[in-house]
$ cat query31.cif   # mmCIF, C-alpha atoms and all ligand atoms
data_upload
loop_
_atom_site.label_atom_id
_atom_site.label_comp_id
_atom_site.auth_asym_id
_atom_site.auth_seq_id
_atom_site.Cartn_x
_atom_site.Cartn_y
_atom_site.Cartn_z
CA MET A 20 14.44 193.98 -108.51
CA ALA A 21 16.06 192.24 -105.53
CA TYR A 22 18.36 194.50 -103.54
CA LEU A 23 21.23 192.52 -102.03
CA ASP A 24 23.75 195.21 -101.20
CA TYR A 25 22.65 196.14 -97.68
CA ASN A 26 26.22 196.48 -96.48
CA ALA A 27 26.64 199.44 -98.84
CA THR A 28 23.46 201.10 -97.63
CA THR A 29 19.90 200.19 -96.66
CA PRO A 30 16.50 201.55 -97.61
CA VAL A 31 15.00 203.76 -94.91
CA HIS A 32 12.94 201.63 -92.51
CA PRO A 33 9.22 202.61 -92.46
CA ALA A 34 9.44 203.35 -88.72
CA ALA A 35 12.44 205.60 -89.36
CA ARG A 36 10.59 207.42 -92.12
CA ASP A 37 7.60 208.00 -89.81
CA ALA A 38 9.86 209.23 -87.02
CA TRP A 39 11.69 211.58 -89.41
CA LEU A 40 8.45 213.03 -90.79
CA GLU A 41 7.05 213.54 -87.31
CA ALA A 42 10.23 215.24 -86.15
CA VAL A 43 10.43 217.63 -89.12
CA ASP A 44 6.84 218.65 -88.42
CA ARG A 45 6.99 218.86 -84.64
CA PHE A 46 10.64 219.17 -83.61
CA TRP A 47 12.35 221.19 -86.31
CA GLN A 48 13.56 224.04 -84.10
CA ASN A 49 17.21 224.46 -83.25
CA PRO A 50 17.82 222.41 -80.07
CA SER A 51 20.19 225.11 -78.78
CA SER A 52 17.73 228.04 -79.00
CA PRO A 53 16.40 229.67 -75.81
CA TYR A 54 12.59 229.19 -76.04
CA ARG A 55 10.36 226.39 -74.77
CA GLN A 56 9.84 224.64 -78.10
CA SER A 57 13.61 224.31 -78.49
CA ALA A 58 13.77 222.90 -74.99
CA ARG A 59 11.32 220.22 -76.17
CA VAL A 60 13.59 219.40 -79.10
CA ARG A 61 16.50 219.26 -76.65
CA ASN A 62 14.56 216.85 -74.44
CA GLU A 63 13.81 214.63 -77.43
CA LEU A 64 17.46 214.73 -78.44
CA GLU A 65 18.54 213.69 -74.95
CA ALA A 66 15.92 210.93 -74.91
CA SER A 67 17.43 209.62 -78.19
CA ARG A 68 20.88 209.67 -76.61
CA ALA A 69 19.59 207.79 -73.58
CA ARG A 70 17.95 205.12 -75.81
CA ILE A 71 21.22 204.46 -77.61
CA ALA A 72 23.17 204.46 -74.35
CA GLY A 73 20.73 201.88 -72.95
CA TRP A 74 21.27 199.54 -75.89
CA LEU A 75 25.04 199.90 -75.73
CA GLY A 76 25.25 199.74 -71.95
CA CYS A 77 27.07 203.03 -71.43
CA LYS A 78 26.40 206.48 -70.02
CA PRO A 79 24.51 208.86 -72.35
CA GLU A 80 27.23 211.52 -71.88
CA ARG A 81 29.59 209.31 -73.86
CA ILE A 82 27.48 209.55 -77.02
CA ILE A 83 28.10 212.22 -79.66
CA PHE A 84 25.77 212.52 -82.64
CA ASN A 85 27.62 213.11 -85.89
CA SER A 86 27.42 212.40 -89.64
CA GLY A 87 28.50 208.76 -89.42
CA ALA A 88 31.38 206.33 -89.23
CA THR A 89 33.85 208.04 -91.56
CA GLU A 90 33.64 211.29 -89.61
CA GLY A 91 33.78 209.40 -86.31
CA VAL A 92 36.86 207.34 -87.17
CA ASN A 93 38.77 210.37 -88.47
CA ALA A 94 37.93 212.29 -85.29
CA VAL A 95 39.01 209.44 -83.00
CA PHE A 96 42.39 209.00 -84.70
CA ALA A 97 43.05 212.75 -84.90
CA TYR A 98 42.39 212.96 -81.16
CA VAL A 99 44.41 209.91 -80.05
CA ALA A 100 47.37 210.56 -82.37
CA GLY A 101 47.48 214.19 -81.27
CA ARG A 102 47.34 213.57 -77.52
CA LYS A 103 50.58 214.80 -75.96
CA ASP A 104 50.87 211.87 -73.54
CA LEU A 105 50.46 209.33 -76.37
CA LYS A 106 52.36 211.12 -79.13
CA ALA A 107 55.23 208.68 -79.49
CA SER A 108 53.10 205.53 -79.27
CA LEU A 109 52.14 203.11 -82.01
CA GLY A 110 48.63 202.43 -83.31
CA LEU A 111 47.70 198.80 -84.05
CA PHE A 112 45.15 198.24 -86.81
CA SER A 113 43.56 195.23 -88.41
CA PRO A 114 44.43 195.09 -92.13
CA THR A 115 40.82 194.19 -92.97
CA GLU A 116 39.35 197.48 -91.72
CA HIS A 117 37.25 199.78 -93.89
CA PRO A 118 39.26 202.36 -95.88
CA CYS A 119 38.03 205.13 -93.55
CA THR A 120 40.06 203.47 -90.79
CA ILE A 121 43.06 202.48 -92.90
CA GLU A 122 43.44 205.84 -94.61
CA SER A 123 42.87 208.00 -91.55
CA ALA A 124 45.23 205.75 -89.54
CA GLY A 125 47.84 206.42 -92.24
CA ARG A 126 47.30 210.16 -92.05
CA HIS A 127 47.29 210.48 -88.27
CA PHE A 128 49.69 207.74 -87.19
CA CYS A 129 52.04 207.92 -90.23
CA ASP A 130 55.09 205.76 -89.44
CA ARG A 131 53.52 204.77 -86.08
CA LYS A 132 50.86 202.66 -87.84
CA ARG A 133 51.28 198.89 -87.44
CA TRP A 134 49.20 195.96 -88.70
CA LEU A 135 47.80 193.30 -86.44
CA ARG A 136 48.25 189.67 -87.36
CA ILE A 137 45.10 187.96 -88.67
CA ASP A 138 44.20 184.34 -89.40
CA GLU A 139 43.03 182.95 -92.77
CA HIS A 140 39.46 184.09 -92.00
CA GLY A 141 40.56 187.65 -91.31
CA ARG A 142 40.16 187.42 -87.51
CA VAL A 143 42.67 189.14 -85.28
CA ASP A 144 45.11 186.74 -83.62
CA LEU A 145 44.44 187.32 -79.91
CA ALA A 146 47.67 185.71 -78.65
CA ASP A 147 49.70 187.98 -80.93
CA LEU A 148 47.66 191.00 -79.85
CA GLU A 149 48.29 190.24 -76.18
CA LYS A 150 52.04 189.94 -76.75
CA ARG A 151 52.12 193.21 -78.63
CA LEU A 152 50.08 195.03 -76.02
CA ASP A 153 52.74 193.94 -73.50
CA ARG A 154 55.73 194.67 -75.69
CA GLU A 155 54.77 197.63 -77.86
CA ARG A 156 52.48 199.53 -75.46
CA PRO A 157 50.40 201.03 -78.29
CA SER A 158 48.20 204.07 -77.79
CA ILE A 159 45.27 202.52 -79.64
CA VAL A 160 43.99 199.26 -81.11
CA SER A 161 41.36 199.53 -83.84
CA VAL A 162 39.42 196.43 -84.91
CA MET A 163 35.93 196.48 -86.38
CA ALA A 164 33.08 194.39 -84.95
CA ALA A 165 32.24 192.67 -88.26
CA ASN A 166 33.62 192.95 -91.75
CA ASN A 167 31.68 194.71 -94.49
CA GLU A 168 32.98 192.44 -97.27
CA THR A 169 32.98 188.97 -95.74
CA GLY A 170 30.69 189.40 -92.71
CA VAL A 171 33.41 187.79 -90.55
CA ILE A 172 32.92 188.65 -86.88
CA GLN A 173 35.95 189.81 -84.93
CA PRO A 174 36.45 188.70 -81.32
CA TRP A 175 35.72 192.26 -80.19
CA PRO A 176 34.64 191.43 -76.60
CA GLU A 177 37.98 189.66 -76.06
CA ILE A 178 39.89 192.51 -77.71
CA ALA A 179 38.06 195.01 -75.50
CA ALA A 180 38.96 192.98 -72.39
CA LEU A 181 42.64 192.67 -73.38
CA CYS A 182 42.87 196.40 -74.10
CA ARG A 183 41.23 197.19 -70.78
CA THR A 184 43.72 195.03 -68.89
CA HIS A 185 46.59 196.73 -70.70
CA ARG A 186 45.07 200.21 -70.27
CA THR A 187 45.07 200.70 -74.03
CA ILE A 188 42.40 202.57 -75.97
CA TYR A 189 40.21 200.29 -78.10
CA HIS A 190 38.27 201.71 -81.05
CA CYS A 191 35.62 199.47 -82.61
CA ASP A 192 33.95 200.32 -85.93
CA THR A 193 30.45 198.93 -85.39
CA SER A 194 29.02 200.07 -88.75
CA GLN A 195 28.05 196.58 -89.86
CA TRP A 196 27.11 195.27 -86.42
CA ILE A 197 24.50 197.68 -85.07
CA ALA A 198 20.90 196.52 -85.53
CA LYS A 199 22.02 193.23 -87.06
CA MET A 200 23.45 191.76 -83.87
CA PRO A 201 22.79 192.50 -80.17
CA ALA A 202 24.70 195.54 -78.96
CA ASP A 203 25.20 194.16 -75.43
CA GLY A 204 28.71 194.82 -74.19
CA LEU A 205 29.71 197.31 -76.88
CA GLY A 206 29.78 200.05 -74.25
CA GLU A 207 32.91 198.34 -72.89
CA CYS A 208 34.94 199.57 -75.89
CA SER A 209 36.67 202.93 -75.42
CA PHE A 210 35.50 204.45 -78.72
CA LEU A 211 32.73 203.24 -81.05
CA THR A 212 31.72 204.56 -84.47
CA ALA A 213 28.60 203.84 -86.56
CA SER A 214 26.38 205.09 -89.40
CA ALA A 215 22.56 205.04 -89.39
CA HIS A 216 22.19 204.26 -93.11
CA LYS A 217 23.67 200.80 -92.57
CA PHE A 218 20.66 199.82 -90.47
CA GLY A 219 17.60 201.52 -91.92
CA GLY A 220 18.27 205.10 -90.86
CA PRO A 221 18.97 208.07 -93.13
CA LYS A 222 22.35 208.75 -94.70
CA GLY A 223 24.65 211.36 -93.18
CA VAL A 224 23.83 210.68 -89.54
CA GLY A 225 25.48 208.41 -86.99
CA PHE A 226 27.11 208.46 -83.62
CA LEU A 227 30.42 208.20 -81.88
CA VAL A 228 31.03 206.92 -78.36
CA ILE A 229 33.97 208.33 -76.43
CA PRO A 230 35.45 207.14 -73.13
CA GLU A 231 34.09 208.52 -69.87
CA GLY A 232 35.98 211.61 -68.74
CA CYS A 233 37.48 212.27 -72.17
CA ASN A 234 36.81 215.96 -71.66
CA ASP A 235 39.39 217.34 -74.07
CA PHE A 236 37.91 215.48 -77.08
CA ARG A 237 36.93 217.92 -79.86
CA SER A 238 35.93 216.79 -83.32
CA LEU A 239 34.48 219.97 -84.86
CA LEU A 240 35.02 223.45 -83.45
CA GLY A 241 32.72 226.46 -83.49
CA GLY A 242 29.88 225.80 -81.08
CA GLU A 243 28.88 224.16 -77.83
CA GLN A 244 26.59 221.52 -79.36
CA GLU A 245 27.09 217.93 -78.22
CA SER A 246 28.62 219.22 -74.96
CA GLY A 247 31.30 220.99 -77.02
CA PHE A 248 32.60 217.66 -78.38
CA ARG A 249 31.22 218.32 -81.85
CA ALA A 250 30.11 221.75 -82.94
CA GLY A 251 27.28 222.14 -85.46
CA THR A 252 23.49 222.12 -85.17
CA GLU A 253 22.22 218.60 -84.57
CA ASP A 254 19.95 217.08 -87.23
CA PHE A 255 17.31 215.92 -84.79
CA PRO A 256 14.86 214.46 -87.37
CA SER A 257 17.62 212.19 -88.71
CA ILE A 258 18.68 211.25 -85.19
CA ALA A 259 15.06 210.36 -84.34
CA ALA A 260 14.88 208.25 -87.51
CA MET A 261 18.14 206.47 -86.61
CA VAL A 262 16.78 205.59 -83.17
CA ALA A 263 13.48 204.37 -84.66
CA ALA A 264 15.35 202.09 -87.10
CA TRP A 265 17.42 200.63 -84.28
CA GLU A 266 14.32 200.29 -82.08
CA ALA A 267 12.73 198.16 -84.83
CA PHE A 268 15.66 195.76 -84.52
CA GLU A 269 15.42 195.68 -80.72
CA ARG A 270 11.80 194.52 -81.03
CA LYS A 271 12.82 191.48 -83.08
CA SER A 272 13.33 188.16 -81.44
CA ARG A 273 16.96 187.05 -81.27
CA LYS A 274 15.95 183.99 -83.30
CA GLU A 275 15.22 186.04 -86.42
CA GLY A 276 18.90 186.39 -87.28
CA GLU A 277 19.29 182.60 -87.04
CA ALA A 278 16.41 182.09 -89.45
CA ARG A 279 18.08 184.48 -91.87
CA SER A 280 21.44 182.70 -91.66
CA ARG A 281 19.56 179.58 -92.78
CA PHE A 282 18.52 181.43 -95.98
CA ARG A 283 22.14 182.36 -96.52
CA ARG A 284 23.37 178.81 -95.85
CA LYS A 285 20.84 177.32 -98.25
CA PHE A 286 21.86 179.87 -100.88
CA GLU A 287 25.53 178.96 -100.49
CA GLU A 288 24.72 175.26 -100.84
CA ALA A 289 22.48 175.88 -103.85
CA VAL A 290 24.92 178.11 -105.69
CA ARG A 291 27.77 175.67 -105.14
CA ALA A 292 25.65 172.82 -106.42
CA LYS A 293 25.04 174.79 -109.63
CA VAL A 294 28.48 176.37 -110.13
CA SER A 295 31.50 174.41 -109.04
CA GLY A 296 34.72 175.98 -107.85
CA ILE A 297 33.27 178.81 -105.71
CA THR A 298 35.32 179.82 -102.65
CA ILE A 299 33.66 181.58 -99.72
CA PRO A 300 36.17 183.71 -97.78
CA GLY A 301 35.68 183.47 -94.03
CA GLU A 302 33.38 180.47 -94.38
CA GLY A 303 34.99 178.69 -91.44
CA ALA A 304 34.45 181.64 -89.07
CA LYS A 305 31.37 183.12 -87.41
CA ARG A 306 29.84 185.57 -89.87
CA LEU A 307 27.02 188.09 -89.82
CA TRP A 308 23.78 186.39 -90.87
CA ASN A 309 23.32 188.70 -93.85
CA THR A 310 26.62 188.60 -95.74
CA THR A 311 28.40 186.23 -98.08
CA SER A 312 31.37 186.86 -100.30
CA LEU A 313 31.91 184.52 -103.24
CA ILE A 314 35.10 184.12 -105.22
CA MET A 315 33.74 182.91 -108.54
CA PRO A 316 35.57 180.20 -110.48
CA ALA A 317 36.03 182.45 -113.53
CA TYR A 318 35.34 185.92 -114.97
CA GLU A 319 35.93 189.28 -113.35
CA ASN A 320 33.45 190.44 -110.75
CA HIS A 321 32.16 193.48 -112.64
CA ARG A 322 30.93 191.12 -115.40
CA TRP A 323 28.98 189.10 -112.84
CA VAL A 324 27.60 192.22 -111.19
CA SER A 325 26.40 193.89 -114.38
CA ARG A 326 24.79 190.72 -115.76
CA LEU A 327 23.06 189.95 -112.47
CA ASP A 328 21.83 193.54 -112.36
CA ARG A 329 20.18 193.04 -115.72
CA LYS A 330 18.53 189.90 -114.37
CA GLY A 331 17.09 191.83 -111.42
CA PHE A 332 19.68 191.29 -108.66
CA GLN A 333 21.69 194.17 -107.22
CA ILE A 334 24.88 192.84 -105.68
CA SER A 335 28.33 194.33 -105.35
CA THR A 336 31.94 193.62 -106.18
CA GLY A 337 33.87 192.55 -103.10
CA SER A 338 35.50 195.86 -102.39
CA ALA A 339 32.97 198.39 -103.60
CA CYS A 340 31.65 200.71 -100.95
CA ALA A 341 32.22 203.82 -102.97
CA SER A 342 30.88 203.56 -106.48
CA GLY A 343 33.50 203.57 -109.19
CA ASP A 344 36.07 201.95 -106.93
CA ASP A 345 36.89 198.65 -108.57
CA SER A 346 40.35 198.19 -107.11
CA PRO A 347 40.87 194.65 -105.82
CA SER A 348 39.79 194.03 -102.25
CA HIS A 349 42.47 194.76 -99.64
CA VAL A 350 40.42 192.64 -97.22
CA LEU A 351 40.69 189.49 -99.31
CA ALA A 352 44.34 190.28 -100.11
CA ALA A 353 45.08 190.50 -96.36
CA MET A 354 43.37 187.11 -95.93
CA GLY A 355 45.86 185.61 -98.39
CA PHE A 356 43.88 185.58 -101.64
CA SER A 357 45.77 186.40 -104.84
CA ARG A 358 45.08 189.56 -106.81
CA GLU A 359 43.56 187.42 -109.54
CA GLU A 360 41.19 185.76 -107.04
CA THR A 361 40.15 189.07 -105.49
CA LYS A 362 39.12 190.31 -108.95
CA ARG A 363 36.61 187.47 -109.12
CA ALA A 364 34.96 188.29 -105.77
CA VAL A 365 31.36 189.41 -105.43
CA ARG A 366 29.61 190.48 -102.23
CA ILE A 367 26.02 189.68 -101.41
CA SER A 368 24.47 191.32 -98.37
CA SER A 369 20.83 190.91 -97.44
CA GLY A 370 18.50 192.80 -95.12
CA TRP A 371 15.73 191.98 -92.69
CA SER A 372 13.15 192.05 -95.48
CA THR A 373 15.09 189.90 -97.96
CA THR A 374 13.04 186.79 -98.70
CA GLU A 375 14.11 183.19 -99.12
CA GLU A 376 12.77 183.39 -102.70
CA GLU A 377 15.17 186.23 -103.46
CA TRP A 378 18.11 184.13 -102.26
CA THR A 379 16.87 181.13 -104.30
CA GLY A 380 16.33 183.33 -107.37
CA LEU A 381 19.84 184.73 -107.04
CA ALA A 382 21.38 181.23 -106.97
CA GLU A 383 19.49 180.42 -110.18
CA ALA A 384 20.49 183.70 -111.82
CA ILE A 385 24.15 183.09 -110.97
CA ALA A 386 23.95 179.67 -112.66
CA GLU A 387 22.39 181.27 -115.77
CA VAL A 388 25.05 183.99 -115.91
CA PHE A 389 27.79 181.35 -115.60
CA GLU A 390 26.27 179.48 -118.52
CA GLU A 391 26.05 182.68 -120.61
CA LEU A 392 29.61 183.71 -119.81
CA ASN A 393 30.89 180.23 -120.63
CA GLN A 394 29.17 180.40 -123.97
CA GLY A 395 30.59 183.87 -124.57
CA GLY A 396 27.12 184.97 -125.62
CA ASP A 397 25.21 188.19 -125.09
CA SER A 398 28.11 190.16 -126.55
CA SER A 399 25.80 192.82 -128.00
CA LEU A 400 25.05 194.02 -124.48
CA THR A 401 27.48 196.39 -122.87
CA GLU A 402 29.00 195.14 -119.61
CA VAL A 403 28.93 198.62 -118.13
CA VAL A 404 25.78 199.56 -116.29
CA SER A 405 24.30 202.74 -117.70
CA ILE A 406 22.24 204.80 -115.31
N1 LIG B 1 32.95 201.17 -91.67
C1 LIG B 1 32.40 200.14 -92.31
C2 LIG B 1 32.64 198.76 -91.80
C3 LIG B 1 31.59 200.34 -93.42
O1 LIG B 1 31.04 199.31 -94.05
C4 LIG B 1 31.38 201.67 -93.86
C5 LIG B 1 30.59 201.95 -95.06
O2 LIG B 1 30.68 201.28 -96.06
C6 LIG B 1 31.98 202.72 -93.15
C7 LIG B 1 32.75 202.42 -92.06
C8 LIG B 1 31.80 204.15 -93.55
O3 LIG B 1 30.47 204.55 -93.36
P1 LIG B 1 29.97 205.99 -93.87
O4 LIG B 1 30.23 206.02 -95.34
O5 LIG B 1 28.53 206.00 -93.55
O6 LIG B 1 30.73 207.01 -93.14
#

$ encode --input "query31.cif" --output "structure tokens"
Amino acid sequence: MAYLDYNATTPVHPAARDAWLEAVDRFWQNPSSPYRQSARVRNELEASRARIAGWLGCKPERIIFNSGATEGVNAVFAYVAGRKDLKASLGLFSPTEHPCTIESAGRHFCDRKRWLRIDEHGRVDLADLEKRLDRERPSIVSVMAANNETGVIQPWPEIAALCRTHRTIYHCDTSQWIAKMPADGLGECSFLTASAHKFGGPKGVGFLVIPEGCNDFRSLLGGEQESGFRAGTEDFPSIAAMVAAWEAFERKSRKEGEARSRFRRKFEEAVRAKVSGITIPGEGAKRLWNTTSLIMPAYENHRWVSRLDRKGFQISTGSACASGDDSPSHVLAAMGFSREETKRAVRISSGWSTTEEEWTGLAEAIAEVFEELNQGGDSSLTEVVSI
């Protein structure tokens, strides 16, 4: 079976597994307890924080360990929207953000939520952003580093610089960026959110970066863990595993991503040569090396996904992050695709261990499925995947 849905989640990296097992054996004590062994766990925890801070280029005190991006985003918006000095201000959001941003922006900013203008590739229009920073004086701008459906990279360093000049808070969802692309410069954003399971760490652990001096930030109450910013006993083994997974990326040469975008490019050429009429959203923009979204020339995406699954390829519909959600992609809709087109979108996202043969095999399988669907055959097989 070829797994090509890394943007949904990744298998645990062997180094992360080793780190987790070592930590549950050696560092399982509560880091807040008063004896020496707990002090050792605390030291390890702080060393993990310092590693992440080093990669991001920020002070370790800015990093809060938590359960991942969804928790982080909700906490950031609750804090910013509730701040007395910012209460009347607008929040500017990219319409291609993950639902955890869009829905929590709706809850916390209500009628103060505004959309940013994007181009046909889904990238934020910087000239428009600059004008609006001048005119609307928003409390926060939230734009992800790279999109989970299309892989399109946002101009986040430029957005961070514009927000800094205008003294506006910038939140960047880095869930799909970390450990795929270099983290240099991310520490310049005011708030960052991320999840370990997107890059080879365990599920249910991640981190949040807050601005320096943001002393009144509180995400969970009921304890002094994480300097009081987030109460609750830290899951040190999972944090150690997250750091080990990221460390594995840091040891790679920067050229490895380029080699992997060649696999993706060759796949896109091959699949188009076999099936005509495929559109690739965001094709004209810089994209993550691992992701491609295809709008197929015919047939709804769930039919493609279930047939490819039976042929040994696990891919996703464009919008599916949560299983069972087959509503058309809001990302592609915001990029100007029709509802009918978005229903034909599939997402393919590879990982560091995906081989060129898997990409080639997928292109061939897509051609076979197209042939089968055109012939209307295979009707005895249910289109719904049974588990
Ligand atoms: N942001 C992006 C860009 C994502 O792709 C995801 C997960 O699909 C999330 C946030 C939410 O991550 P989690 O479910 O780990 O909280």

$ residues_near_point --input "query31.cif" --point "(32.5, 190.5, -110.5)" --cutoff "6 Å" --atoms "only C-alpha atoms" --output "ChimeraX atom specification"
/A:319-324,336,363-365

$ closest_atom_pairs --input "query31.cif" --of "stretch 276-379 of chain A" --to "stretch 127-148 of chain A" --cutoff "9 Å" --atoms "only C-alpha atoms" --output "Markdown table"
| residue | atom | partner | partner_atom | distance |
| --- | --- | --- | --- | --- |
| A:Pro300 | CA | A:His140 | CA | 6.7 |
| A:Gly301 | CA | A:His140 | CA | 4.3 |
| A:Glu302 | CA | A:His140 | CA | 7.5 |
| A:Gly303 | CA | A:His140 | CA | 7.0 |
| A:Ala304 | CA | A:His140 | CA | 6.3 |
| A:Val350 | CA | A:Gly141 | CA | 7.7 |
| A:Leu351 | CA | A:Gly141 | CA | 8.2 |
| A:Ala353 | CA | A:Gly141 | CA | 7.4 |
| A:Met354 | CA | A:Glu139 | CA | 5.2 |
| A:Gly355 | CA | A:Glu139 | CA | 6.8 |

$ residues_near_ligand --input "query31.cif" --ligand "ligand LIG 1 (chain B)" --cutoff "10 Å" --atoms "all atoms listed in the file" --output "mmCIF file with C-alpha atoms, in the coordinates of the input"
data_model
loop_
_atom_site.group_PDB
_atom_site.id
_atom_site.type_symbol
_atom_site.label_atom_id
_atom_site.label_comp_id
_atom_site.auth_asym_id
_atom_site.auth_seq_id
_atom_site.Cartn_x
_atom_site.Cartn_y
_atom_site.Cartn_z
ATOM 1 C CA TYR A 25 22.650 196.140 -97.680
ATOM 2 C CA ASN A 26 26.220 196.480 -96.480
ATOM 3 C CA ALA A 27 26.640 199.440 -98.840
ATOM 4 C CA THR A 28 23.460 201.100 -97.630
ATOM 5 C CA ASN A 85 27.620 213.110 -85.890
ATOM 6 C CA SER A 86 27.420 212.400 -89.640
ATOM 7 C CA GLY A 87 28.500 208.760 -89.420
ATOM 8 C CA ALA A 88 31.380 206.330 -89.230
ATOM 9 C CA THR A 89 33.850 208.040 -91.560
ATOM 10 C CA GLU A 90 33.640 211.290 -89.610
ATOM 11 C CA GLY A 91 33.780 209.400 -86.310
ATOM 12 C CA VAL A 92 36.860 207.340 -87.170
ATOM 13 C CA ASN A 93 38.770 210.370 -88.470
ATOM 14 C CA THR A 115 40.820 194.190 -92.970
ATOM 15 C CA GLU A 116 39.350 197.480 -91.720
ATOM 16 C CA HIS A 117 37.250 199.780 -93.890
ATOM 17 C CA PRO A 118 39.260 202.360 -95.880
ATOM 18 C CA CYS A 119 38.030 205.130 -93.550
ATOM 19 C CA THR A 120 40.060 203.470 -90.790
ATOM 20 C CA VAL A 162 39.420 196.430 -84.910
ATOM 21 C CA MET A 163 35.930 196.480 -86.380
ATOM 22 C CA ALA A 164 33.080 194.390 -84.950
ATOM 23 C CA ALA A 165 32.240 192.670 -88.260
ATOM 24 C CA ASN A 166 33.620 192.950 -91.750
ATOM 25 C CA ASN A 167 31.680 194.710 -94.490
ATOM 26 C CA GLU A 168 32.980 192.440 -97.270
ATOM 27 C CA GLY A 170 30.690 189.400 -92.710
ATOM 28 C CA CYS A 191 35.620 199.470 -82.610
ATOM 29 C CA ASP A 192 33.950 200.320 -85.930
ATOM 30 C CA THR A 193 30.450 198.930 -85.390
ATOM 31 C CA SER A 194 29.020 200.070 -88.750
ATOM 32 C CA GLN A 195 28.050 196.580 -89.860
ATOM 33 C CA TRP A 196 27.110 195.270 -86.420
ATOM 34 C CA THR A 212 31.720 204.560 -84.470
ATOM 35 C CA ALA A 213 28.600 203.840 -86.560
ATOM 36 C CA SER A 214 26.380 205.090 -89.400
ATOM 37 C CA ALA A 215 22.560 205.040 -89.390
ATOM 38 C CA HIS A 216 22.190 204.260 -93.110
ATOM 39 C CA LYS A 217 23.670 200.800 -92.570
ATOM 40 C CA PRO A 221 18.970 208.070 -93.130
ATOM 41 C CA LYS A 222 22.350 208.750 -94.700
ATOM 42 C CA GLY A 223 24.650 211.360 -93.180
ATOM 43 C CA VAL A 224 23.830 210.680 -89.540
ATOM 44 C CA GLY A 225 25.480 208.410 -86.990
ATOM 45 C CA SER A 338 35.500 195.860 -102.390
ATOM 46 C CA ALA A 339 32.970 198.390 -103.600
ATOM 47 C CA CYS A 340 31.650 200.710 -100.950
ATOM 48 C CA ALA A 341 32.220 203.820 -102.970
#

$ closest_residue --input "query31.cif" --among "A:Ile178, A:Arg61, A:Asn49, A:Ser372" --to "A:Ser113" --atoms "all atoms listed in the file"
A:Ile178

$ closest_residue --input "query31.cif" --among "A:Val160, A:Ala317, A:Leu111, A:Ile297" --to "A:Glu359" --atoms "all atoms listed in the file"
A:Ala317

$ atom_distance --input "query31.cif" --atom1 "atom CA of A:Thr29" --atom2 "atom CA of A:Ile385"
22.7 Å

$ atom_distance --input "query31.cif" --atom1 "atom CA of A:Trp39" --atom2 "atom CA of A:Pro256"
4.7 Å

$ residues_around --input "query31.cif" --residues "A:Arg237" --least-positions-apart "3" --cutoff "10 Å" --atoms "all atoms listed in the file" --output "PyMOL selection string"
chain A and resi 94-95+97-98+233-234+240+245-250

$ atom_distance --input "query31.cif" --atom1 "atom CA of A:Glu360" --atom2 "atom CA of A:Ser295"
15.1 Å

$ closest_residue --input "query31.cif" --among "A:Thr311, A:Thr379, A:Ser209, A:Thr187" --to "A:Ile334" --atoms "all atoms listed in the file"
A:Thr311

$ closest_residue --input "query31.cif" --among "A:Ile121, A:Ile258, A:Ile367, A:Leu392" --to "A:Pro316" --atoms "all atoms listed in the file"
A:Leu392

$ residues_around --input "query31.cif" --residues "A:Arg183" --least-positions-apart "4" --cutoff "12 Å" --atoms "only C-alpha atoms" --output "ChimeraX atom specification"
/A:149,152,159-160,175-179,187-190,207-209,230

$ closest_residue --input "query31.cif" --among "A:Asp24, A:Glu63, A:Asp235, A:Glu243" --to "A:Asn309" --atoms "all atoms listed in the file"
A:Asp24

$ closest_residue --input "query31.cif" --among "A:Gly251, A:His349, A:Tyr318, A:Ile82" --to "A:Pro114" --atoms "all atoms listed in the file"
A:His349

$ residues_around --input "query31.cif" --residues "A:Arg36" --least-positions-apart "6" --cutoff "9 Å" --atoms "all atoms listed in the file" --output "VMD selection string"
chain A and resid 220 to 221 260 263 to 264

$ residues_around --input "query31.cif" --residues "A:Gly380" --least-positions-apart "5" --cutoff "10 Å" --atoms "all atoms listed in the file" --output "list in words"
Ala21, Phe286, Lys330, Gly331, Phe332, Thr374, Glu375, Ile385 and Ala386 of chain A

$ axis_aligned_box --input "query31.cif" --around "stretch 356-359 of chain A" --padding-each-side "3 Å" --output "AutoDock Vina command-line options"
--center_x 44.7 --center_y 187.6 --center_z -105.6 --size_x 8.2 --size_y 10.0 --size_z 13.9

$ residues_near_point --input "query31.cif" --point "(14.5, 218.1, -89.0)" --cutoff "7 Å" --atoms "all atoms listed in the file" --output "PDB file with C-alpha atoms, in the frame of the given file"
ATOM      1  CA  ALA A  42      10.230 215.240 -86.150  1.00  0.00           C
ATOM      2  CA  VAL A  43      10.430 217.630 -89.120  1.00  0.00           C
ATOM      3  CA  PHE A  46      10.640 219.170 -83.610  1.00  0.00           C
ATOM      4  CA  TRP A  47      12.350 221.190 -86.310  1.00  0.00           C
ATOM      5  CA  ASP A 254      19.950 217.080 -87.230  1.00  0.00           C
ATOM      6  CA  PHE A 255      17.310 215.920 -84.790  1.00  0.00           C
ATOM      7  CA  PRO A 256      14.860 214.460 -87.370  1.00  0.00           C
ATOM      8  CA  SER A 257      17.620 212.190 -88.710  1.00  0.00           C
TER       9      SER A 257
END

$ decode --input "query31.cif" --residues "stretch 76-86 of chain A" --atoms "C-alpha atoms" --output "short mmCIF file (atom, residue, chain, number, x, y, z; two decimals), in the first residue's frame"
data_model
loop_
_atom_site.label_atom_id
_atom_site.label_comp_id
_atom_site.auth_asym_id
_atom_site.auth_seq_id
_atom_site.Cartn_x
_atom_site.Cartn_y
_atom_site.Cartn_z
CA GLY A 76 15.14 31.71 15.86
CA CYS A 77 13.25 32.89 18.94
CA LYS A 78 13.62 32.86 22.71
CA PRO A 79 12.65 29.56 24.42
CA GLU A 80 10.31 31.44 26.79
CA ARG A 81 8.04 32.13 23.83
CA ILE A 82 7.31 28.44 23.28
CA ILE A 83 4.34 26.70 24.90
CA PHE A 84 3.87 22.96 24.48
CA ASN A 85 0.26 21.99 23.81
CA SER A 86 -1.87 19.41 21.98
#
